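**Q** Dropping in input_30.cif, with mmCIF, C-alpha atoms.
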data_structure
loop_
_atom_site.group_PDB
_atom_site.id
_atom_site.type_symbol
_atom_site.label_atom_id
_atom_site.label_comp_id
_atom_site.auth_asym_id
_atom_site.auth_seq_id
_atom_site.Cartn_x
_atom_site.Cartn_y
_atom_site.Cartn_z
ATOM 1 C CA LYS A 1 0.000 0.000 0.000
ATOM 2 C CA GLN A 2 1.406 3.370 -1.051
ATOM 3 C CA GLU A 3 1.852 5.896 1.748
ATOM 4 C CA VAL A 4 2.872 9.495 1.186
ATOM 5 C CA THR A 5 4.344 11.677 3.915
ATOM 6 C CA GLN A 6 5.074 15.393 3.804
ATOM 7 C CA ILE A 7 7.438 17.110 6.175
ATOM 8 C CA PRO A 8 7.179 19.617 7.706
ATOM 9 C CA ALA A 9 3.444 19.909 8.309
ATOM 10 C CA ALA A 10 3.767 23.675 8.597
ATOM 11 C CA LEU A 11 6.470 26.185 7.809
ATOM 12 C CA SER A 12 6.778 29.905 8.405
ATOM 13 C CA VAL A 13 9.547 31.867 6.704
ATOM 14 C CA PRO A 14 10.367 35.548 6.108
ATOM 15 C CA GLU A 15 9.912 36.896 2.611
ATOM 16 C CA GLY A 16 12.861 36.348 0.309
ATOM 17 C CA GLU A 17 14.055 33.084 1.796
ATOM 18 C CA ASN A 18 14.673 29.985 -0.267
ATOM 19 C CA LEU A 19 12.910 26.927 1.089
ATOM 20 C CA VAL A 20 12.494 23.200 0.544
ATOM 21 C CA LEU A 21 9.384 21.107 1.021
ATOM 22 C CA ASN A 22 9.705 17.334 1.311
ATOM 23 C CA CYS A 23 7.563 14.457 0.107
ATOM 24 C CA SER A 24 8.364 10.799 0.693
ATOM 25 C CA PHE A 25 6.600 7.688 -0.531
ATOM 26 C CA THR A 26 6.864 4.028 0.437
ATOM 27 C CA ASP A 27 6.437 2.235 -2.908
ATOM 28 C CA SER A 28 8.999 3.327 -5.493
ATOM 29 C CA ALA A 29 7.107 1.736 -8.415
ATOM 30 C CA ILE A 30 5.425 4.956 -9.426
ATOM 31 C CA TYR A 31 4.234 6.433 -12.702
ATOM 32 C CA ASN A 32 4.710 10.039 -11.678
ATOM 33 C CA LEU A 33 4.583 12.580 -8.868
ATOM 34 C CA GLN A 34 2.722 15.875 -9.019
ATOM 35 C CA TRP A 35 3.013 18.944 -6.791
ATOM 36 C CA PHE A 36 -0.010 21.168 -6.145
ATOM 37 C CA ARG A 37 -0.833 24.225 -4.116
ATOM 38 C CA GLN A 38 -4.163 24.753 -2.421
ATOM 39 C CA ASP A 39 -5.331 28.141 -1.214
ATOM 40 C CA PRO A 40 -7.892 28.249 1.633
ATOM 41 C CA GLY A 41 -11.363 27.343 0.409
ATOM 42 C CA LYS A 42 -10.112 26.772 -3.123
ATOM 43 C CA GLY A 43 -9.333 23.903 -5.427
ATOM 44 C CA LEU A 44 -5.883 22.587 -6.251
ATOM 45 C CA THR A 45 -3.540 24.293 -8.676
ATOM 46 C CA SER A 46 -1.014 22.113 -10.457
ATOM 47 C CA LEU A 47 2.586 23.287 -10.046
ATOM 48 C CA LEU A 48 4.841 20.599 -11.482
ATOM 49 C CA LEU A 49 4.559 17.031 -12.719
ATOM 50 C CA ILE A 50 7.567 14.708 -12.722
ATOM 51 C CA GLN A 51 7.319 11.463 -14.661
ATOM 52 C CA SER A 52 9.060 8.407 -13.181
ATOM 53 C CA SER A 53 11.806 8.622 -15.820
ATOM 54 C CA GLN A 54 12.643 12.240 -14.947
ATOM 55 C CA ARG A 55 14.851 13.624 -12.197
ATOM 56 C CA GLU A 56 13.547 17.167 -11.987
ATOM 57 C CA GLN A 57 11.215 19.776 -13.390
ATOM 58 C CA THR A 58 11.409 23.550 -13.203
ATOM 59 C CA SER A 59 8.833 26.292 -13.534
ATOM 60 C CA GLY A 60 9.822 29.844 -12.695
ATOM 61 C CA ARG A 61 10.954 29.991 -9.073
ATOM 62 C CA LEU A 62 9.914 26.380 -8.481
ATOM 63 C CA ASN A 63 12.069 23.309 -8.907
ATOM 64 C CA ALA A 64 10.928 19.801 -8.089
ATOM 65 C CA SER A 65 13.232 16.809 -7.915
ATOM 66 C CA LEU A 66 12.492 13.110 -7.809
ATOM 67 C CA ASP A 67 14.607 10.287 -6.418
ATOM 68 C CA LYS A 68 12.567 7.152 -7.008
ATOM 69 C CA SER A 69 15.043 4.758 -5.447
ATOM 70 C CA SER A 70 14.924 6.537 -2.117
ATOM 71 C CA GLY A 71 11.223 7.367 -2.385
ATOM 72 C CA ARG A 72 11.669 11.125 -2.139
ATOM 73 C CA SER A 73 10.742 14.314 -3.889
ATOM 74 C CA THR A 74 11.549 17.875 -2.954
ATOM 75 C CA LEU A 75 9.943 21.134 -3.998
ATOM 76 C CA TYR A 76 12.362 24.046 -3.925
ATOM 77 C CA ILE A 77 10.909 27.558 -3.839
ATOM 78 C CA ALA A 78 13.368 30.348 -4.521
ATOM 79 C CA ALA A 79 13.009 33.889 -3.193
ATOM 80 C CA SER A 80 9.719 33.222 -1.430
ATOM 81 C CA GLN A 81 6.940 35.815 -1.603
ATOM 82 C CA PRO A 82 3.809 36.378 0.538
ATOM 83 C CA GLY A 83 1.741 35.163 -2.425
ATOM 84 C CA ASP A 84 3.387 31.768 -2.053
ATOM 85 C CA SER A 85 1.491 31.262 1.218
ATOM 86 C CA ALA A 86 -0.688 28.192 0.722
ATOM 87 C CA THR A 87 -0.790 24.485 1.456
ATOM 88 C CA TYR A 88 1.486 22.448 -0.808
ATOM 89 C CA LEU A 89 0.481 18.892 -1.628
ATOM 90 C CA CYS A 90 2.293 16.100 -3.400
ATOM 91 C CA ALA A 91 0.461 13.257 -5.127
ATOM 92 C CA VAL A 92 1.951 9.967 -6.267
ATOM 93 C CA ARG A 93 0.452 7.873 -9.059
ATOM 94 C CA SER A 94 1.205 4.163 -8.787
ATOM 95 C CA TRP A 95 -0.281 0.753 -9.461
ATOM 96 C CA GLY A 96 -2.026 -1.517 -7.010
ATOM 97 C CA GLY A 97 -4.886 -3.979 -6.735
ATOM 98 C CA GLY A 98 -5.563 -4.072 -10.459
ATOM 99 C CA TYR A 99 -6.083 -0.334 -10.747
ATOM 100 C CA GLN A 100 -4.042 2.810 -10.853
ATOM 101 C CA LYS A 101 -3.854 4.660 -7.581
ATOM 102 C CA VAL A 102 -3.322 8.307 -6.737
ATOM 103 C CA THR A 103 -2.140 8.922 -3.174
ATOM 104 C CA PHE A 104 -1.853 12.380 -1.663
ATOM 105 C CA GLY A 105 0.216 13.563 1.259
ATOM 106 C CA ILE A 106 -1.450 15.622 3.975
ATOM 107 C CA GLY A 107 0.366 18.736 2.792
ATOM 108 C CA THR A 108 2.738 21.383 4.096
ATOM 109 C CA LYS A 109 1.138 24.654 5.123
ATOM 110 C CA LEU A 110 3.483 27.473 4.143
ATOM 111 C CA GLN A 111 3.314 31.007 5.468
ATOM 112 C CA VAL A 112 5.622 33.635 3.994
ATOM 113 C CA ILE A 113 5.852 36.658 6.257
ATOM 114 C CA PRO A 114 6.313 40.078 4.597
ATOM 115 C CA ASP B 1 -12.606 30.216 -19.462
ATOM 116 C CA THR B 2 -13.366 27.641 -16.798
ATOM 117 C CA ALA B 3 -11.364 24.479 -17.451
ATOM 118 C CA VAL B 4 -12.968 22.126 -14.919
ATOM 119 C CA SER B 5 -16.293 23.191 -13.499
ATOM 120 C CA GLN B 6 -18.478 21.676 -10.815
ATOM 121 C CA THR B 7 -22.067 22.337 -9.806
ATOM 122 C CA PRO B 8 -23.252 23.095 -7.282
ATOM 123 C CA LYS B 9 -20.547 24.877 -5.308
ATOM 124 C CA TYR B 10 -22.384 24.286 -2.048
ATOM 125 C CA LEU B 11 -24.881 21.550 -1.228
ATOM 126 C CA VAL B 12 -26.724 21.283 2.075
ATOM 127 C CA THR B 13 -29.091 18.369 2.503
ATOM 128 C CA GLN B 14 -30.701 16.045 5.012
ATOM 129 C CA MET B 15 -29.561 12.554 5.901
ATOM 130 C CA GLY B 16 -31.121 9.885 3.721
ATOM 131 C CA ASN B 17 -31.507 12.082 0.660
ATOM 132 C CA ASP B 18 -30.050 11.304 -2.776
ATOM 133 C CA LYS B 19 -27.982 13.996 -4.480
ATOM 134 C CA SER B 20 -25.795 14.485 -7.536
ATOM 135 C CA ILE B 21 -22.767 16.642 -8.203
ATOM 136 C CA LYS B 22 -21.953 17.487 -11.794
ATOM 137 C CA CYS B 23 -18.527 17.921 -13.332
ATOM 138 C CA GLU B 24 -17.592 19.146 -16.786
ATOM 139 C CA GLN B 25 -14.229 19.825 -18.378
ATOM 140 C CA ASN B 26 -13.590 21.761 -21.586
ATOM 141 C CA LEU B 27 -9.922 20.809 -21.893
ATOM 142 C CA GLY B 28 -10.544 17.934 -24.287
ATOM 143 C CA HIS B 29 -9.167 15.477 -21.725
ATOM 144 C CA ASP B 30 -10.085 11.807 -21.799
ATOM 145 C CA THR B 31 -9.657 11.029 -18.089
ATOM 146 C CA MET B 32 -11.674 12.380 -15.180
ATOM 147 C CA TYR B 33 -11.492 11.863 -11.417
ATOM 148 C CA TRP B 34 -13.462 12.357 -8.214
ATOM 149 C CA TYR B 35 -11.734 13.110 -4.911
ATOM 150 C CA LYS B 36 -13.016 13.611 -1.370
ATOM 151 C CA GLN B 37 -11.331 16.035 1.036
ATOM 152 C CA ASP B 38 -12.396 15.470 4.613
ATOM 153 C CA SER B 39 -12.510 17.882 7.539
ATOM 154 C CA LYS B 40 -8.839 17.228 8.270
ATOM 155 C CA LYS B 41 -8.018 18.336 4.718
ATOM 156 C CA PHE B 42 -6.900 14.855 3.701
ATOM 157 C CA LEU B 43 -7.513 14.328 -0.013
ATOM 158 C CA LYS B 44 -8.444 10.849 -1.180
ATOM 159 C CA ILE B 45 -9.239 9.614 -4.663
ATOM 160 C CA MET B 46 -12.572 7.880 -5.179
ATOM 161 C CA PHE B 47 -12.877 7.073 -8.889
ATOM 162 C CA SER B 48 -11.299 7.716 -12.248
ATOM 163 C CA TYR B 49 -12.656 7.157 -15.740
ATOM 164 C CA ASN B 50 -10.639 7.058 -18.960
ATOM 165 C CA ASN B 51 -12.780 7.264 -22.086
ATOM 166 C CA LYS B 52 -15.751 6.230 -19.973
ATOM 167 C CA GLU B 53 -13.889 3.178 -18.617
ATOM 168 C CA LEU B 54 -13.233 2.873 -14.884
ATOM 169 C CA ILE B 55 -9.466 2.889 -14.213
ATOM 170 C CA ILE B 56 -9.340 3.828 -10.528
ATOM 171 C CA ASN B 57 -11.857 2.422 -8.109
ATOM 172 C CA GLU B 58 -11.008 2.917 -4.475
ATOM 173 C CA THR B 59 -12.966 1.362 -1.642
ATOM 174 C CA VAL B 60 -15.969 3.631 -1.338
ATOM 175 C CA PRO B 61 -19.522 2.744 -0.269
ATOM 176 C CA ASN B 62 -21.666 1.584 -3.164
ATOM 177 C CA ARG B 63 -23.979 4.474 -2.314
ATOM 178 C CA PHE B 64 -21.520 6.497 -4.427
ATOM 179 C CA SER B 65 -21.884 5.927 -8.142
ATOM 180 C CA PRO B 66 -20.000 7.827 -10.840
ATOM 181 C CA LYS B 67 -21.726 8.350 -14.144
ATOM 182 C CA SER B 68 -19.885 9.352 -17.289
ATOM 183 C CA PRO B 69 -22.246 10.193 -20.166
ATOM 184 C CA ASP B 70 -19.318 11.312 -22.329
ATOM 185 C CA LYS B 71 -15.620 12.144 -22.048
ATOM 186 C CA ALA B 72 -16.290 15.708 -20.926
ATOM 187 C CA HIS B 73 -18.557 14.842 -18.012
ATOM 188 C CA LEU B 74 -18.229 12.737 -14.864
ATOM 189 C CA ASN B 75 -21.091 13.143 -12.438
ATOM 190 C CA LEU B 76 -21.182 11.789 -8.907
ATOM 191 C CA HIS B 77 -24.446 10.423 -7.568
ATOM 192 C CA ILE B 78 -24.800 9.706 -3.872
ATOM 193 C CA ASN B 79 -27.668 7.695 -2.427
ATOM 194 C CA SER B 80 -28.894 7.660 1.173
ATOM 195 C CA LEU B 81 -26.592 10.425 2.348
ATOM 196 C CA GLU B 82 -24.967 10.039 5.765
ATOM 197 C CA LEU B 83 -23.397 12.551 8.154
ATOM 198 C CA GLY B 84 -19.946 11.174 7.336
ATOM 199 C CA ASP B 85 -20.379 12.100 3.687
ATOM 200 C CA SER B 86 -19.949 15.763 4.612
ATOM 201 C CA ALA B 87 -16.768 16.908 2.874
ATOM 202 C CA VAL B 88 -15.495 18.846 -0.096
ATOM 203 C CA TYR B 89 -15.648 16.857 -3.322
ATOM 204 C CA PHE B 90 -13.248 17.724 -6.116
ATOM 205 C CA CYS B 91 -13.433 16.750 -9.744
ATOM 206 C CA ALA B 92 -10.278 16.671 -11.868
ATOM 207 C CA SER B 93 -9.234 15.777 -15.389
ATOM 208 C CA SER B 94 -6.115 14.853 -17.316
ATOM 209 C CA GLN B 95 -5.129 13.823 -20.817
ATOM 210 C CA GLY B 96 -4.334 10.170 -20.436
ATOM 211 C CA GLY B 97 -4.012 8.402 -17.139
ATOM 212 C CA HIS B 98 -0.436 9.472 -16.444
ATOM 213 C CA ASN B 99 -0.461 13.167 -17.112
ATOM 214 C CA GLU B 100 -0.977 16.388 -15.217
ATOM 215 C CA GLN B 101 -4.284 16.654 -13.403
ATOM 216 C CA PHE B 102 -6.358 19.828 -13.367
ATOM 217 C CA PHE B 103 -8.835 20.340 -10.549
ATOM 218 C CA GLY B 104 -12.250 21.933 -10.307
ATOM 219 C CA PRO B 105 -13.129 24.423 -7.550
ATOM 220 C CA GLY B 106 -14.815 21.831 -5.344
ATOM 221 C CA THR B 107 -18.320 21.197 -4.016
ATOM 222 C CA ARG B 108 -18.831 21.545 -0.283
ATOM 223 C CA LEU B 109 -21.402 18.964 0.782
ATOM 224 C CA THR B 110 -22.991 19.302 4.214
ATOM 225 C CA VAL B 111 -25.289 16.564 5.452
ATOM 226 C CA LEU B 112 -27.526 17.526 8.378
#
In structure tokens, how does this file's structure come out?
**A**
Amino acid sequence: KQEVTQIPAALSVPEGENLVLNCSFTDSAIYNLQWFRQDPGKGLTSLLLIQSSQREQTSGRLNASLDKSSGRSTLYIAASQPGDSATYLCAVRSWGGGYQKVTFGIGTKLQVIP
Amino acid sequence: DTAVSQTPKYLVTQMGNDKSIKCEQNLGHDTMYWYKQDSKKFLKIMFSYNNKELIINETVPNRFSPKSPDKAHLNLHINSLELGDSAVYFCASSQGGHNEQFFGPGTRLTVL
């Protein structure tokens, strides 16, 4: 059974800092891993998708890496801004029980202080 | 333009009622999903359809039945609603089963 853990659960940083969010998963036989952000009372916004054959993806100030063998992914946010305040979720797509599975972590709640 | 839309946004109903939540995507995707986010904000997948074929089917009560009339729509019908069904339900879509998912705004269901 795939389990996804995100550490830390919450993070508060001053504006301008670089930061790293962590996601770990127990079953390394994955199709891909996707990072999302969720603002309070809103839906999820896709940030980056890393296929199992890739090591990293970049979009603007965001960089996500994937190490399948160790079951880890990191989301690096450069020069954080107050608008980055949100909950960040990672989701792992894998196979199990005859169907595909998508397993989410509980998220990291980020607060960027002006 | 709304990519993935859900109706209604809010749904308040009594225990025992039957209700439906509609989802439509205009992205031309062939795969759609339903997720449930509980009060602790934990997001769990319920179903996924690819070209109207079920590809993800988690353990959910059979009171929940997805209905996909075409590739652009995946509706969620819930029979005999219970208090524990109160949650936010999200619809999502992707092109193919392995690609980036795009989420709708969510439907907050409250069962009284």
**Q** When you look at region 31-36 of chain A with a cut-off of 9 Å (counting all atoms listed in the file), what residues show up, excluding the ones that are within fewer than 4 positions of it in the same chain? I need them as an NGL selection string.
**A** (:A and (44-54 or 64 or 66 or 73 or 75 or 87-95)) or (:B and (98-101))
**Q** CA of Gly96 (chain B) and CA of Lys44 (chain B) are how many Å apart?
**A**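 Interatomic distance here is 19.7 Å.
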**Q** Got a sec to check which residues sit within 9 Å of (-13.8, 15.4, -13.1), counting only C-alpha atoms, and write them as a ChimeraX atom specification?
**A** /B:4-6,22-25,31-35,48-49,72-75,90-94,102-104
**Q** With distances taken over all atoms listed in the file, which of B:Val12, B:Ile45, B:Ala87, B:Leu81 is nearest to Asn62 (chain B)?
**A**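 When distances to Asn62 (chain B) are compared using all atoms listed in the file, the smallest one comes from B:Leu81.
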**Q** Between A:Ala78, A:Val13, A:Ala29, A:Ile7, which residue has the minimum interatomic distance to Gln111 (chain A), considering only C-alpha atoms?
**A** A:Val13
**Q** Any chance you could tabulate, as a tab-separated table, the residues of chain A at most 6 Å from chain B with each one's nearest atom pair and distance in Å to one decimal, using all atoms listed in the file, in chain and rising number order?
**A**
residue	atom	partner	partner_atom	distance
A:Lys42	CA	B:Pro105	CA	5.8
A:Gly43	CA	B:Pro105	CA	4.4
A:Leu44	CA	B:Phe103	CA	5.7
A:Tyr99	CA	B:Ile56	CA	5.3
A:Gln100	CA	B:Ile56	CA	5.4
A:Ile106	CA	B:Phe42	CA	5.5
**Q** Please indicate the distance in Å from CA of Ser85 (chain A) to CA of Ser59 (chain A), rounded to one decimal place.
**A**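 Rounded to one decimal, the two atoms are 17.2 Å apart.
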**Q** Could you work out how far CA of Leu109 (chain B) lies from CA of Ser39 (chain B), giving the answer in Å with one decimal?
**A** 11.2 Å
**Q** Might you spell out which residues the PyMOL selection byres ((chain A and resi 77) around 7) would select in the displayed file, as a PyMOL selection string?
**A** chain A and resi 18-20+61-63+75-76+78-80
**Q** Assuming the chain letters and numbering stay as they are in my file, what does the PyMOL selection byres ((chain B and resi 17) around 10) actually select? List them as a PyMOL selection string.
**A** chain B and resi 13-16+18-19+78-82+111
**Q** Can you tell me, as an NGL selection string, which residues sit within 6 Å of (11.0, 5.1, 2.4) in the file's frame, using all atoms listed in the file?
**A** :A and (25-26 or 71)
**Q** For the structure provided, state which residues fall under the PyMOL selection byres ((chain A and resi 110) around 10), and present them as a PyMOL selection string.
**A** chain A and resi 8-13+19+21+37+82+84-88+107-109+111-113
